[in-house]
Amino acid sequence: MTVESAASAISAPAAPERLRIPPVVRGGAPLLGHAWNLVRDPLGFLAALRDHGDLVRIRLGPKTAYAVCDPQLVGAMLKSTDYIVGGPLWDTLEVLLGKGVATSNGPLHRRQRRMMQPAFRPERIADYARVMEEEAQATAARWDHGSTVDVSAEMFRTAVRIVSRSLLEVESIGEKADRISDSLHTVFEGLYRRMVLSVGPLYRVPTPANRRFERALADLHALVDEIIAERRAHGNGQEQDLLAVLLRARDESGQPLTDQEIHDHVVSLVVAGAENVASTLAWAFHLLTEHPDQERRLVEEVNSVTRGRPVAFADLMELRHTRNVVTEAMRIRPAAWIFTRRSVAETSLGGYRIPADADIVYSVYAMQRDPRSFDRHLEFDPDRWNPERAASVPEFAMMPFSVGNRKCPGDHFSLAELTIILATVLPKWRLSPVERTDTGTKVGITLHPKKLVLRAERR
Ligand code: HEM
């Protein structure tokens, strides 16, 4: 049986009378149910769900949601046509992403994905890598010996500049990158609350937190409009980037995309492209400060491959340990960590009955730290990704970029970017924590360190 058919067998319809009802997880707060656990200790709560079963029912306010804890079942669900992008995460994210590629479904999603795909072809990554190299070098050149660096902010700025310059060919991103970073952090924090505690009208009360959220959201949308307006005003019509593709696109009846559609696509790209990469980098730098032996091996590898010249795309194949560090950082500290889906019809998953229109939650954070899938699961061990050991990792246990028709189109782009940045910065700078560093986890739509401030010393 192929993997595809094994996955579909798990999610294939079975005689309804044979299907089991997923067990209910007890506890939760009155009225709020497990939404309270998702506010108080989301990571611990989601990881503990696997002790209740492979597929369980939880209560989010008045609604029942289904939490899938077993990687095989998650993989089967993601490959099945019985589920669409929907549920609490995506319903909430629509406030930010509108009807862009990440939130649409069906024929609209297929059309948007087709339009976007050429920009992510492997042969294009080599072109983008030149921008990645330049931006990584510029970041490494900006710091002073002995200074303290807000690494989270620096990585966000670098990631926004890379996605803007490579995919959108926006050269004058300048201070916009900082504004996008500030706004997005506020928006992501607010969106997470709105996702787990859906008390709609309360978020319209003009409290300071709600006002901050609305201001940040408006600023983010205004910034994206500025990017599009600049291109319309100053573009030469010869650009080959994704923004040019969007501006030139016509639908079946010859109509161009509306301004709102273009806006939604650009927001999706900037948000998806910058936030995940920046958070992953922040975690990787943090993990390497905690594991100096791994950092030393990475620097030695880069130096032996490049012999002092700048890191280039052509080096990536040889930077095996650096790539293992990136992969292991994404396993143990995934930026995108909680996902939802909605069932389109009554169906079954692993012998359990899933009703139509059910909200389904799964967490790659919990899955990628599951002791059933990874030995010494809480240990940062990049060598587990050497081919002979990686072969024993169960299918779907590690999927930072997802699988199925919503798989991240930016996976190769991201892996090149993450590797180039680590390999450019670390041979130049030794980074160590200072007192202000708070590496506790900031939980929002993504996970990132609360305040990663590191002292930079030139090697
Ligand atoms: C470390 C970096 C990244 C991670 C971990 C990541 C992760 C993901 C995941 C898990 C999904 C699927 C969501 C789901 O199944 O519900 C996704 C979708 C997406 N990602 Fe990424 N991503 C990263 C970087 C990027 C970059 C650099 C871009 C573009 C420049 C990008 C663009 C997108 C888009 C457009 C989607 C929506 C795809 C669709 O729904 O068809 N991502 N990403």
# chains A, B, ... in the order shown; residues from 1 in each chain; ligands from 1

$ closest_atom_pairs --of "chain A" --to "ligand 1" --cutoff "8 Å" --atoms "only C-alpha atoms and all ligand atoms" --output "JSON lines"
{"residue": "A:Leu78", "atom": "CA", "partner": "ligand 1", "partner_atom_place_in_ligand_line": "15 (O)", "distance": 7.4}
{"residue": "A:Val85", "atom": "CA", "partner": "ligand 1", "partner_atom_place_in_ligand_line": "16 (O)", "distance": 6.5}
{"residue": "A:Val101", "atom": "CA", "partner": "ligand 1", "partner_atom_place_in_ligand_line": "40 (O)", "distance": 5.4}
{"residue": "A:Ala102", "atom": "CA", "partner": "ligand 1", "partner_atom_place_in_ligand_line": "40 (O)", "distance": 3.6}
{"residue": "A:Thr103", "atom": "CA", "partner": "ligand 1", "partner_atom_place_in_ligand_line": "40 (O)", "distance": 6.3}
{"residue": "A:Ser104", "atom": "CA", "partner": "ligand 1", "partner_atom_place_in_ligand_line": "40 (O)", "distance": 7.3}
{"residue": "A:His109", "atom": "CA", "partner": "ligand 1", "partner_atom_place_in_ligand_line": "41 (O)", "distance": 6.8}
{"residue": "A:Arg110", "atom": "CA", "partner": "ligand 1", "partner_atom_place_in_ligand_line": "41 (O)", "distance": 8.0}
{"residue": "A:Arg113", "atom": "CA", "partner": "ligand 1", "partner_atom_place_in_ligand_line": "41 (O)", "distance": 5.9}
{"residue": "A:Val163", "atom": "CA", "partner": "ligand 1", "partner_atom_place_in_ligand_line": "30 (C)", "distance": 5.8}
{"residue": "A:Leu167", "atom": "CA", "partner": "ligand 1", "partner_atom_place_in_ligand_line": "30 (C)", "distance": 7.0}
{"residue": "A:His265", "atom": "CA", "partner": "ligand 1", "partner_atom_place_in_ligand_line": "35 (C)", "distance": 7.9}
{"residue": "A:Ser268", "atom": "CA", "partner": "ligand 1", "partner_atom_place_in_ligand_line": "35 (C)", "distance": 6.0}
{"residue": "A:Leu269", "atom": "CA", "partner": "ligand 1", "partner_atom_place_in_ligand_line": "29 (C)", "distance": 5.1}
{"residue": "A:Val270", "atom": "CA", "partner": "ligand 1", "partner_atom_place_in_ligand_line": "30 (C)", "distance": 6.7}
{"residue": "A:Ala272", "atom": "CA", "partner": "ligand 1", "partner_atom_place_in_ligand_line": "31 (C)", "distance": 4.6}
{"residue": "A:Gly273", "atom": "CA", "partner": "ligand 1", "partner_atom_place_in_ligand_line": "26 (C)", "distance": 3.5}
{"residue": "A:Ala274", "atom": "CA", "partner": "ligand 1", "partner_atom_place_in_ligand_line": "27 (C)", "distance": 6.4}
{"residue": "A:Glu275", "atom": "CA", "partner": "ligand 1", "partner_atom_place_in_ligand_line": "2 (C)", "distance": 7.8}
{"residue": "A:Asn276", "atom": "CA", "partner": "ligand 1", "partner_atom_place_in_ligand_line": "2 (C)", "distance": 4.4}
{"residue": "A:Val277", "atom": "CA", "partner": "ligand 1", "partner_atom_place_in_ligand_line": "1 (C)", "distance": 4.2}
{"residue": "A:Ala278", "atom": "CA", "partner": "ligand 1", "partner_atom_place_in_ligand_line": "1 (C)", "distance": 7.6}
{"residue": "A:Ser279", "atom": "CA", "partner": "ligand 1", "partner_atom_place_in_ligand_line": "1 (C)", "distance": 7.6}
{"residue": "A:Thr280", "atom": "CA", "partner": "ligand 1", "partner_atom_place_in_ligand_line": "1 (C)", "distance": 5.6}
{"residue": "A:Met330", "atom": "CA", "partner": "ligand 1", "partner_atom_place_in_ligand_line": "5 (C)", "distance": 7.0}
{"residue": "A:Pro334", "atom": "CA", "partner": "ligand 1", "partner_atom_place_in_ligand_line": "5 (C)", "distance": 6.6}
{"residue": "A:Ala335", "atom": "CA", "partner": "ligand 1", "partner_atom_place_in_ligand_line": "5 (C)", "distance": 5.9}
{"residue": "A:Ala336", "atom": "CA", "partner": "ligand 1", "partner_atom_place_in_ligand_line": "5 (C)", "distance": 5.6}
{"residue": "A:Trp337", "atom": "CA", "partner": "ligand 1", "partner_atom_place_in_ligand_line": "10 (C)", "distance": 7.8}
{"residue": "A:Phe339", "atom": "CA", "partner": "ligand 1", "partner_atom_place_in_ligand_line": "16 (O)", "distance": 5.6}
{"residue": "A:Thr340", "atom": "CA", "partner": "ligand 1", "partner_atom_place_in_ligand_line": "16 (O)", "distance": 6.7}
{"residue": "A:Arg341", "atom": "CA", "partner": "ligand 1", "partner_atom_place_in_ligand_line": "16 (O)", "distance": 7.5}
{"residue": "A:Met399", "atom": "CA", "partner": "ligand 1", "partner_atom_place_in_ligand_line": "10 (C)", "distance": 7.3}
{"residue": "A:Pro400", "atom": "CA", "partner": "ligand 1", "partner_atom_place_in_ligand_line": "5 (C)", "distance": 5.0}
{"residue": "A:Phe401", "atom": "CA", "partner": "ligand 1", "partner_atom_place_in_ligand_line": "10 (C)", "distance": 3.9}
{"residue": "A:Ser402", "atom": "CA", "partner": "ligand 1", "partner_atom_place_in_ligand_line": "10 (C)", "distance": 4.5}
{"residue": "A:Val403", "atom": "CA", "partner": "ligand 1", "partner_atom_place_in_ligand_line": "15 (O)", "distance": 6.9}
{"residue": "A:Gly404", "atom": "CA", "partner": "ligand 1", "partner_atom_place_in_ligand_line": "15 (O)", "distance": 7.8}
{"residue": "A:Asn405", "atom": "CA", "partner": "ligand 1", "partner_atom_place_in_ligand_line": "41 (O)", "distance": 6.4}
{"residue": "A:Arg406", "atom": "CA", "partner": "ligand 1", "partner_atom_place_in_ligand_line": "41 (O)", "distance": 4.0}
{"residue": "A:Lys407", "atom": "CA", "partner": "ligand 1", "partner_atom_place_in_ligand_line": "12 (C)", "distance": 5.0}
{"residue": "A:Cys408", "atom": "CA", "partner": "ligand 1", "partner_atom_place_in_ligand_line": "17 (C)", "distance": 3.7}
{"residue": "A:Pro409", "atom": "CA", "partner": "ligand 1", "partner_atom_place_in_ligand_line": "33 (C)", "distance": 5.4}
{"residue": "A:Gly410", "atom": "CA", "partner": "ligand 1", "partner_atom_place_in_ligand_line": "28 (C)", "distance": 3.9}
{"residue": "A:Asp411", "atom": "CA", "partner": "ligand 1", "partner_atom_place_in_ligand_line": "24 (C)", "distance": 6.0}
{"residue": "A:Phe413", "atom": "CA", "partner": "ligand 1", "partner_atom_place_in_ligand_line": "27 (C)", "distance": 5.8}
{"residue": "A:Ser414", "atom": "CA", "partner": "ligand 1", "partner_atom_place_in_ligand_line": "27 (C)", "distance": 4.8}
{"residue": "A:Leu415", "atom": "CA", "partner": "ligand 1", "partner_atom_place_in_ligand_line": "1 (C)", "distance": 7.2}
{"residue": "A:Leu418", "atom": "CA", "partner": "ligand 1", "partner_atom_place_in_ligand_line": "1 (C)", "distance": 7.5}

$ write_last_selection --atoms "C-alpha atoms" --output "compact mmCIF listing (two decimals), in the first residue's frame"
# COMPACT_ATOMS: atom_id res chain seq x y z
CA LEU A 78 -4.32 17.01 5.58
CA VAL A 85 -8.92 25.47 5.67
CA VAL A 101 -4.14 32.29 -0.84
CA ALA A 102 -3.76 31.13 2.78
CA THR A 103 -7.43 31.54 3.70
CA SER A 104 -9.31 30.68 0.49
CA HIS A 109 -7.50 28.61 -3.79
CA ARG A 110 -6.38 26.46 -6.73
CA ARG A 113 -1.90 28.78 -5.88
CA VAL A 163 10.69 38.77 1.11
CA LEU A 167 9.26 38.31 -4.25
CA HIS A 265 -2.09 38.35 -1.53
CA SER A 268 -0.33 36.88 3.05
CA LEU A 269 3.15 36.80 1.54
CA VAL A 270 4.70 39.40 3.82
CA ALA A 272 3.85 34.26 6.03
CA GLY A 273 7.26 35.06 4.65
CA ALA A 274 8.59 37.26 7.43
CA GLU A 275 7.08 36.14 10.71
CA ASN A 276 7.83 32.40 10.44
CA VAL A 277 11.37 32.94 9.21
CA ALA A 278 12.20 35.60 11.81
CA SER A 279 10.82 33.53 14.70
CA THR A 280 12.68 30.40 13.53
CA MET A 330 12.12 23.96 13.52
CA PRO A 334 8.33 25.55 15.54
CA ALA A 335 7.21 29.08 14.76
CA ALA A 336 3.87 28.03 13.25
CA TRP A 337 2.56 25.69 15.91
CA PHE A 339 -3.51 24.84 13.02
CA THR A 340 -7.17 24.29 12.42
CA ARG A 341 -9.37 22.74 9.73
CA MET A 399 6.09 18.63 9.29
CA PRO A 400 6.97 22.25 9.91
CA PHE A 401 5.81 23.13 6.38
CA SER A 402 2.69 20.91 6.45
CA VAL A 403 1.67 18.41 3.74
CA GLY A 404 -1.13 18.13 1.18
CA ASN A 405 -2.58 20.87 -0.97
CA ARG A 406 -1.84 23.60 1.63
CA LYS A 407 1.83 22.70 2.00
CA CYS A 408 3.92 25.85 2.37
CA PRO A 409 5.03 27.05 -1.08
CA GLY A 410 7.90 28.90 0.63
CA ASP A 411 9.62 25.78 2.05
CA PHE A 413 12.86 29.56 -0.08
CA SER A 414 12.85 29.42 3.74
CA LEU A 415 15.43 26.66 4.06
CA LEU A 418 17.56 30.31 7.21

$ residues_around --residues "stretch 434-437 of chain A" --least-positions-apart "4" --cutoff "12 Å" --atoms "only C-alpha atoms" --output "compact mmCIF listing (two decimals) with N, CA and C atoms, in the first residue's frame"
# COMPACT_ATOMS: atom_id res chain seq x y z
N GLY A 146 30.93 44.21 20.88
CA GLY A 146 30.57 44.47 22.28
C GLY A 146 29.18 45.05 22.47
N SER A 147 28.47 45.32 21.36
CA SER A 147 27.13 45.93 21.50
C SER A 147 26.09 44.84 21.83
N THR A 148 24.95 45.29 22.36
CA THR A 148 23.86 44.33 22.56
C THR A 148 22.88 44.48 21.39
N VAL A 149 22.45 43.34 20.89
CA VAL A 149 21.64 43.33 19.68
C VAL A 149 20.28 42.71 20.01
N ASP A 150 19.21 43.41 19.63
CA ASP A 150 17.88 42.81 19.75
C ASP A 150 17.71 41.86 18.56
N VAL A 151 18.06 40.61 18.79
CA VAL A 151 18.15 39.66 17.67
C VAL A 151 16.78 39.42 17.04
N SER A 152 15.72 39.37 17.87
CA SER A 152 14.38 39.14 17.29
C SER A 152 14.06 40.25 16.29
N ALA A 282 15.24 33.46 15.38
CA ALA A 282 15.43 33.86 16.79
C ALA A 282 15.63 32.61 17.64
N HIS A 286 19.02 31.43 19.73
CA HIS A 286 18.90 31.14 21.15
C HIS A 286 19.40 29.73 21.46
N THR A 289 23.12 29.56 21.43
CA THR A 289 23.81 30.13 22.60
C THR A 289 23.75 29.13 23.76
N THR A 441 8.70 31.81 26.24
CA THR A 441 8.00 31.75 24.95
C THR A 441 6.85 32.74 24.92
N PRO A 449 10.74 33.91 21.01
CA PRO A 449 11.27 34.24 22.34
C PRO A 449 10.77 35.62 22.76
N LYS A 450 10.52 35.78 24.08
CA LYS A 450 9.94 37.06 24.55
C LYS A 450 10.85 38.24 24.23
N LYS A 451 12.12 38.14 24.59
CA LYS A 451 13.04 39.24 24.28
C LYS A 451 14.44 38.65 24.12
N LEU A 452 14.84 38.46 22.89
CA LEU A 452 16.14 37.84 22.66
C LEU A 452 17.18 38.94 22.40
N VAL A 453 17.84 39.38 23.49
CA VAL A 453 18.88 40.41 23.36
C VAL A 453 20.21 39.72 23.60
N LEU A 454 21.12 39.79 22.64
CA LEU A 454 22.40 39.08 22.76
C LEU A 454 23.57 40.05 22.59
N ARG A 455 24.66 39.76 23.32
CA ARG A 455 25.87 40.56 23.14
C ARG A 455 26.62 40.00 21.93
N ALA A 456 27.06 40.91 21.04
CA ALA A 456 27.77 40.47 19.83
C ALA A 456 29.25 40.79 19.98

$ residues_around --residues "stretch 214-223 of chain A" --least-positions-apart "4" --cutoff "7 Å" --atoms "only C-alpha atoms" --output "PyMOL selection string"
chain A and resi 180+183+186-187+210+227

$ write_last_selection --atoms "N, CA, C and O atoms" --output "PDB file, in the first residue's frame"
ATOM      1  N   ILE A 180       6.275  47.256  10.030  1.00  0.00           N
ATOM      2  CA  ILE A 180       5.554  45.989   9.828  1.00  0.00           C
ATOM      3  C   ILE A 180       5.816  45.066  11.019  1.00  0.00           C
ATOM      4  O   ILE A 180       4.903  44.439  11.554  1.00  0.00           O
ATOM      5  N   SER A 183       3.851  46.275  14.159  1.00  0.00           N
ATOM      6  CA  SER A 183       2.406  46.072  14.007  1.00  0.00           C
ATOM      7  C   SER A 183       2.059  44.591  14.057  1.00  0.00           C
ATOM      8  O   SER A 183       1.109  44.189  14.720  1.00  0.00           O
ATOM      9  N   THR A 186       1.911  42.987  17.558  1.00  0.00           N
ATOM     10  CA  THR A 186       0.696  43.359  18.298  1.00  0.00           C
ATOM     11  C   THR A 186      -0.508  42.612  17.723  1.00  0.00           C
ATOM     12  O   THR A 186      -1.349  42.089  18.462  1.00  0.00           O
ATOM     13  N   VAL A 187      -0.577  42.546  16.400  1.00  0.00           N
ATOM     14  CA  VAL A 187      -1.734  41.903  15.764  1.00  0.00           C
ATOM     15  C   VAL A 187      -1.761  40.406  16.077  1.00  0.00           C
ATOM     16  O   VAL A 187      -2.799  39.853  16.440  1.00  0.00           O
ATOM     17  N   ASN A 210      -7.487  46.746  23.004  1.00  0.00           N
ATOM     18  CA  ASN A 210      -8.243  46.655  21.747  1.00  0.00           C
ATOM     19  C   ASN A 210      -7.870  47.788  20.798  1.00  0.00           C
ATOM     20  O   ASN A 210      -7.786  47.605  19.583  1.00  0.00           O
ATOM     21  N   ILE A 227       2.998  49.912  -0.404  1.00  0.00           N
ATOM     22  CA  ILE A 227       3.889  49.106  -1.263  1.00  0.00           C
ATOM     23  C   ILE A 227       3.285  48.968  -2.664  1.00  0.00           C
ATOM     24  O   ILE A 227       3.942  49.162  -3.686  1.00  0.00           O
TER      25      ILE A 227
END

$ closest_residue --among "A:Ser373, A:Gly190, A:Ser164, A:Glu239" --to "A:Arg211" --atoms "only C-alpha atoms"
A:Gly190

$ closest_residue --among "A:Val68, A:Val325, A:Asn386, A:Pro292" --to "A:Asp51" --atoms "only C-alpha atoms"
A:Val68

$ residues_around --residues "A:Arg309" --least-positions-apart "2" --cutoff "12 Å" --atoms "only C-alpha atoms" --output "PyMOL selection string"
chain A and resi 133+137+302-307+311-312+315+423-424+427-428

$ residues_around --residues "stretch 52-57 of chain A" --least-positions-apart "6" --cutoff "7 Å" --atoms "only C-alpha atoms" --output "number ranges by chain"
A: 22-25, 64-70

$ atom_distance --atom1 "atom CA of A:Asp182" --atom2 "atom CA of A:Thr322"
29.3 Å

$ residues_around --residues "A:Leu32" --least-positions-apart "6" --cutoff "9 Å" --atoms "only C-alpha atoms" --output "CSV table (one decimal) with C-alpha atoms, in the first residue's frame"
chain,number,residue,atom,x,y,z
A,59,ARG,CA,-14.7,22.4,24.5
A,60,LEU,CA,-14.0,25.9,23.3
A,61,GLY,CA,-16.7,28.1,24.9
A,62,PRO,CA,-20.0,26.7,23.7
A,197,LEU,CA,-11.6,33.3,23.5

$ decode --residues "stretch 389-400 of chain A" --atoms "N, CA, C and O atoms" --output "PDB file, in the first residue's frame"
ATOM      1  N   ARG A 389      19.786   8.322  10.865  1.00  0.00           N
ATOM      2  CA  ARG A 389      18.863   8.425  11.999  1.00  0.00           C
ATOM      3  C   ARG A 389      17.510   8.994  11.555  1.00  0.00           C
ATOM      4  O   ARG A 389      16.459   8.608  12.070  1.00  0.00           O
ATOM      5  N   ALA A 390      17.541   9.907  10.600  1.00  0.00           N
ATOM      6  CA  ALA A 390      16.287  10.551  10.166  1.00  0.00           C
ATOM      7  C   ALA A 390      15.309   9.537   9.589  1.00  0.00           C
ATOM      8  O   ALA A 390      14.087   9.700   9.689  1.00  0.00           O
ATOM      9  N   ALA A 391      15.869   8.443   9.019  1.00  0.00           N
ATOM     10  CA  ALA A 391      15.006   7.436   8.386  1.00  0.00           C
ATOM     11  C   ALA A 391      14.037   6.807   9.394  1.00  0.00           C
ATOM     12  O   ALA A 391      12.987   6.301   9.007  1.00  0.00           O
ATOM     13  N   SER A 392      14.376   6.848  10.681  1.00  0.00           N
ATOM     14  CA  SER A 392      13.500   6.183  11.659  1.00  0.00           C
ATOM     15  C   SER A 392      12.412   7.128  12.215  1.00  0.00           C
ATOM     16  O   SER A 392      11.603   6.707  13.049  1.00  0.00           O
ATOM     17  N   VAL A 393      12.402   8.375  11.754  1.00  0.00           N
ATOM     18  CA  VAL A 393      11.344   9.294  12.229  1.00  0.00           C
ATOM     19  C   VAL A 393      10.032   8.928  11.537  1.00  0.00           C
ATOM     20  O   VAL A 393       9.980   8.841  10.302  1.00  0.00           O
ATOM     21  N   PRO A 394       8.979   8.670  12.316  1.00  0.00           N
ATOM     22  CA  PRO A 394       7.723   8.239  11.673  1.00  0.00           C
ATOM     23  C   PRO A 394       7.172   9.299  10.711  1.00  0.00           C
ATOM     24  O   PRO A 394       7.357  10.499  10.929  1.00  0.00           O
ATOM     25  N   GLU A 395       6.525   8.805   9.684  1.00  0.00           N
ATOM     26  CA  GLU A 395       5.887   9.680   8.695  1.00  0.00           C
ATOM     27  C   GLU A 395       4.966  10.705   9.386  1.00  0.00           C
ATOM     28  O   GLU A 395       4.237  10.336  10.314  1.00  0.00           O
ATOM     29  N   PHE A 396       5.007  11.917   8.962  1.00  0.00           N
ATOM     30  CA  PHE A 396       4.158  13.027   9.439  1.00  0.00           C
ATOM     31  C   PHE A 396       4.496  13.500  10.864  1.00  0.00           C
ATOM     32  O   PHE A 396       3.840  14.404  11.373  1.00  0.00           O
ATOM     33  N   ALA A 397       5.498  12.849  11.520  1.00  0.00           N
ATOM     34  CA  ALA A 397       5.832  13.290  12.888  1.00  0.00           C
ATOM     35  C   ALA A 397       6.525  14.638  12.856  1.00  0.00           C
ATOM     36  O   ALA A 397       6.505  15.389  13.837  1.00  0.00           O
ATOM     37  N   MET A 398       7.171  14.944  11.730  1.00  0.00           N
ATOM     38  CA  MET A 398       7.884  16.208  11.577  1.00  0.00           C
ATOM     39  C   MET A 398       7.335  16.874  10.337  1.00  0.00           C
ATOM     40  O   MET A 398       7.550  16.389   9.226  1.00  0.00           O
ATOM     41  N   MET A 399       6.588  17.959  10.501  1.00  0.00           N
ATOM     42  CA  MET A 399       6.085  18.628   9.290  1.00  0.00           C
ATOM     43  C   MET A 399       5.919  20.124   9.514  1.00  0.00           C
ATOM     44  O   MET A 399       4.811  20.636   9.504  1.00  0.00           O
ATOM     45  N   PRO A 400       7.054  20.817   9.676  1.00  0.00           N
ATOM     46  CA  PRO A 400       6.975  22.254   9.915  1.00  0.00           C
ATOM     47  C   PRO A 400       6.343  23.021   8.752  1.00  0.00           C
ATOM     48  O   PRO A 400       5.827  24.119   8.949  1.00  0.00           O
TER      49      PRO A 400
END
